[in-house]
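Enquirer: The structure is given below, and queries will be raised subsequently.
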Amino acid sequence: MTYREPTPDELLSALEGKALPGDAHDALLQLGHVLRRAAPPVEEPNMFFASRLKAKLAAAPMPQPRVPIAALLLPLVGVIAIAAVVFAFPRTNPAAPAASDAGREVAVNDAAPKVFGLGGELTLVVGNVQWRATAADAWQAASEGAQINPGSELDVPGDGRAVVTLDDGSAVRLNGKTTLAFASVVRNAVEIRESRGTAYYRVVKDPNRTFTVVTEEGTVTALGTAFAVARDADKKTLNVHVLESKVKIALAKDGTKLEKELGQGKTLSYDGTKSPDTGTKESVIDPQKIAVVPFFAWNISEDAKEGAPLGIATGVKELALATESGDTEKVAALTVEEKPALAAVAPEPKPVPAPAPTPTSTGIVLSGSVSGTTAVFSWKVNGVDVANGFKLVTSLTPNPVYPGNTYQYLSDPVVRSYTWKGLQGGTILHFRVCAYNGNGACGVYSNDVELKTGTVAVKPPSGYTLLTSGQQVSVQQSPNGMHISWTPSLVANFLYYKVVRSETNGDLYYPNDGYLSVISDKSASSYTDTTAVSGKDYYYRICSKDSDGVVWCGNVVRVTTE
Amino acid sequence: MLHTSEGAAMAMTDALPHRDEDTALAIRAKTEREAFGMLFDRWLPKIYGYIYRRIGHRETAEDLASRAFEKAYGAIRSFDAKKGSWSSWMYRIATNVLYDHYRVVKDVVLLEEDAAEAVPSKENLNLLVDRGFEAVRVRAAMQGLPERYKSAIALRFFEERTTEEMMEILKVKRGTLAVLMHRSLRALGRILDERPDA
């Protein structure tokens with residue numbers, strides 16, 4: 001007799017204890033028995049971990065009620081009310097999570113239909129993100145799942161990121177150094193006050209609800225659209241970038257009002273110290289340029305993943321995804337292809353060393369220029385002993401010193417220029433060059449040169465920037481695998497660590513060699529590689545990625561497993 | 001204790017026969033912090049164990065278990081006893097946390113779901129079972145499965161969830177679950193079939 005494979009229904013019934021039909025073979029059922037015996041042993045959770053987590057939960061604010069009135073009405077009004085409200089508030093955005101039979105991706109909050117209220121939830125936390133229920137409360141560390149209700153406020157003090165997902169599927173994505181207050185989060189009106197920083201708003205189309213972003217300089221109102229609002233609280237400037245559809249902008253200062261509609265692909269810049277009549281400027285967004293800005297690359301990638309309309313970013317989706325994933329080679333390739341077109345719009349300045357002025361008196365005079373994250377310097381020396389070479393030093397504040405700040409040592413006394421690659425992107429850096437005295441200090445310093453680096457690395461030749469302090473790794477064999485430990489990262493706008501392993505490449509790095517694990521906790525300092533095979537050589541390295549998309553890697557350790 | 005109008009509202013919607021003590025606690029946890037604490041004590045070992053068996057790494061399992069409980073706490077107000085038990089709800093959150101984790105660590109899925117369509121021969125499978133291949137090899141073979149298959153196998157055979165519970169956790173109908181179980185076992189059989197030394 002030949003045996004057939006059981007049907008799915010027969011198999012499921014057999015797993016519940018019923019007999020298989022006589023002509024069906026039982027191989028899959030037997031495999032199930034083997035699996036039951038193969039359940040991996042597990043210890044009790046560590047008690048310190050358990051008590052820490054319990055304390056953390058106990059300290060978290062009690063989740064706020066969202067729909068008390070609905071709860072009262074529901075049993076009374078019944079099915080008719082649900083049908084009516086569902087009809088009145090259809091979900092039209094493809095970005096909105098849809099109910100899925102597969103169970104996968106089903107957000108916890110979709111467990112209950114939320115057709116009455118409009119709440120929100122913090123769905124992504126990267127780095128330090130602070131939350132408070134109202135302006136009257138103290139800030140506290142936010143975690144994913146924190147509820148966003150009217151009055152809730154969010155602050156990303158450093159280089160972290162956060163995403164709030166509203167119940168209608170609209171998303172608010174915060175960049176670092178951004179503060180938002182959710183003044184109103186109800187079904188017919190969302191109002192968000194953005195007091196500083198940059199946030200991206202992906203708003204689900206809903207004719208029955210207004211969505212307004214309020215800043216000190218003016219308001220931006222959307223129906224269904226994707227736009228970013230950037231506010232510099234110190235300079236009182238406001239920039240609104242519309243990536244998809246359009247928004248309405250209302251500006252007011254000293255009795256002068258300006259209302260206008262800003263269409264897809266446009267930026268409106270407003271200098272809030274001036275009257276709206278004279279202080280506004282409208283420009284066209286170059287999709288190629290924004291796709292390589294990390295914050296926009298991230299947002300375009302997120303929208304693309306969710307299937308939301310991309311508007312002007314449609315053609316640069318690949319570039320944004322490559323930027324977001326840190327695939328510098330692909331970014332370079334995609335950018336090179338577009339170079340002629342780009343150059344026609346806005347010629348890219350090449351870094352050229354500016355001729356250094358001749359010092360009129362004793363000393364060192366430094367000049368420099370920057371393109372992307374590469375700076376080119378030249379200097380002139382008059383009457384200074386430079387027999388031990390130079391230290392080129394940099395810091396975020398004026399007048400960097402050696403020792404104390406980041407430096408390059410140029411030991412050749414005749415060197416008068418240097419190209420510094422892989423600098424921190426999107427920031428103002430200060431540089432000086434000094435004559436090294438050979439005894440751990442500098443004598444004469446040059447003038448301070450201030451340079452603003454670009455927001456994306458111009459593909460560094462090695463694909464990463466080498467760190468000689470921070471992320472220094474050591475590896476030991478432990479019963480569970482290879483125990484990798486490292487010193488904390490010193491990268492300022494740190495996003496996450498990548499634990500990188502290679503069997504062959506002694507100059508391994510992310511993304512070239514893939515990674516074993518991604519860790520977003522900057523204070524993390526160890527990882528156990530449970531997949532290493534005995535008797536093999538492995539190279540390990542800790543790389544990190546920062547919010548500008550730059551990859552930083554520490555030392556390499558080579559080990560042979562026992 | 002439910003004294004407020006909000007509490008009364010909840011009492012109305014939640015005053016339904018609940019299936020078990022944990023589900024009753026979950027209803028209380030909507031307004032009482034202590035009730036959530038009790039659920040935490042009772043359920044941390046189970047959820048941590050579920051995740052640990054899937055991940056095999058203590059620190060990561062702790063991290064993911066933390067995330068699961070933080071999500072559960074943040075969303076406890078949306079827990080609806082009419083739609084399923086606390087147990088299914090909590091396993092579902094943990095399963096979603098695992099999906100999220102593997103979505104970040106992308107290099108773990110070796111086998112696409114379509115590739116699992118090939119049927120392992122019955123003879124080879126029986127041979128493998130007869131050989132009494134060790135648990136370690138079965139677990140190693142499991143690592144090559146798509147996440148959905150791993151969840152189905154882990155929930156059924158490691159966590160010993162019933163068909164009804166799995167339908168709630170994975171949000172699928174009985175027919176879909178039957179196909180999922182069938183495909184998962186078949187795919188695992190195929191990996192063992194192809195790699196008897198896996």
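In the structure tokens, the first chain shown is A, the next is B, and so on; residue numbers restart at 1 for each chain, and ligands run from 1 in the order shown.
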Residues at most 6 Å from region 146-162 of chain B, counting only C-alpha atoms, excluding those fewer than 2 positions away in the same chain, as a PyMOL selection string?

Expert: (chain A and resi 36+39) or (chain B and resi 109+164-165+184)

Enquirer: Could you tell me how far CA of Ser78 (chain B) lies from CA of Tyr91 (chain B), in Å and to one decimal?

Expert: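 Between CA of Ser78 (chain B) and CA of Tyr91 (chain B) the gap is 15.3 Å.
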
Enquirer: Ranking B:Arg42, B:Lys71, B:Arg174, B:Arg54 by minimum distance to chain A and counting only C-alpha atoms, which one comes first?

Expert: B:Lys71

Enquirer: Would you mind listing what lies within 9 Å of Ser502 (chain A) as a VMD selection string, with only C-alpha atoms counted and same-chain residues fewer than 3 positions away left out?

Expert: chain A and resid 505 to 509 513 to 515 537 to 541

Enquirer: With only C-alpha atoms as the basis for distance, which of A:Lys421, A:His241, A:Lys54, A:His430 is at the shortest distance from chain B?

Expert: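 Among the listed residues, the smallest separation from chain B belongs to A:Lys54.
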
Enquirer: Quick one: residues within 8 Å of Leu64 (chain B), only C-alpha atoms counted, chain neighbours fewer than 4 positions away excluded, as a PDB file with N, CA and C atoms, in the first residue's frame?

Expert:
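Wrote it out as out.pdb, contents follow:
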ATOM      1  N   ILE B  51      10.756  33.256  24.639  1.00  0.00           N
ATOM      2  CA  ILE B  51      11.711  34.039  23.843  1.00  0.00           C
ATOM      3  C   ILE B  51      13.100  33.385  23.891  1.00  0.00           C
ATOM      4  N   THR B  60      19.829  38.879  25.183  1.00  0.00           N
ATOM      5  CA  THR B  60      18.849  39.285  24.170  1.00  0.00           C
ATOM      6  C   THR B  60      17.441  38.886  24.616  1.00  0.00           C
ATOM      7  N   ALA B  68       8.504  43.163  25.586  1.00  0.00           N
ATOM      8  CA  ALA B  68       7.161  42.580  25.528  1.00  0.00           C
ATOM      9  C   ALA B  68       6.320  43.068  26.710  1.00  0.00           C
ATOM     10  N   ALA B  94       4.594  38.960  22.557  1.00  0.00           N
ATOM     11  CA  ALA B  94       5.956  38.418  22.528  1.00  0.00           C
ATOM     12  C   ALA B  94       6.328  37.967  21.118  1.00  0.00           C
ATOM     13  N   VAL B  97       7.147  40.974  19.130  1.00  0.00           N
ATOM     14  CA  VAL B  97       8.464  41.493  19.521  1.00  0.00           C
ATOM     15  C   VAL B  97       9.565  40.668  18.846  1.00  0.00           C
ATOM     16  N   LEU B  98       9.361  39.357  18.786  1.00  0.00           N
ATOM     17  CA  LEU B  98      10.340  38.494  18.105  1.00  0.00           C
ATOM     18  C   LEU B  98      10.419  38.825  16.611  1.00  0.00           C
ATOM     19  N   HIS B 101      12.344  41.933  16.224  1.00  0.00           N
ATOM     20  CA  HIS B 101      13.767  41.678  16.456  1.00  0.00           C
ATOM     21  C   HIS B 101      14.411  41.086  15.207  1.00  0.00           C
TER      22      HIS B 101
END

Enquirer: Considering only C-alpha atoms, return as an MDAnalysis selection string whatever protein or nucleic-acid residues lie within 8 Å of Glu324 (chain A), sequence-local ones (same chain, fewer than 3 positions apart) excluded.

Expert: chainID A and resid 294 297:298 301 320:321 327 549

Enquirer: Keeping C-alpha atoms, export the residues of the selection given above as a compact mmCIF listing (two decimals), in the first residue's frame.

Expert:
# COMPACT_ATOMS: atom_id res chain seq x y z
CA PRO A 294 19.92 60.84 6.99
CA ALA A 297 16.45 59.04 3.97
CA TRP A 298 15.03 57.36 7.05
CA SER A 301 12.54 54.49 3.64
CA ALA A 320 17.17 56.84 0.31
CA LEU A 321 17.16 53.13 1.17
CA ASP A 327 25.36 51.18 1.87
CA GLY A 549 25.19 57.72 8.39

Enquirer: Residues near Tyr409 (chain A), anyone? I mean within 10 Å using only C-alpha atoms, not counting same-chain ones fewer than 2 positions away, as a ChimeraX atom specification.

Expert: /A:388-393,407,411-412,433-434,436

Enquirer: Could you tell me which of A:Ala60, A:Val316, A:Val129, A:Ile290 comes closest to chain B if we count only C-alpha atoms?

Expert: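 Using only C-alpha atoms, the shortest distance to chain B belongs to A:Ala60.
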
Enquirer: When you count only C-alpha atoms, which of these residues is closest to chain B: A:Val34, A:Leu223, A:Ala14, A:Val172?

Expert: A:Val34

Enquirer: Taking only C-alpha atoms into account, name the residue in A:Ala138, A:Val449, A:Ala146, A:Leu122 that is nearest to chain B.

Expert: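 Among the listed residues, the smallest separation from chain B belongs to A:Ala146.
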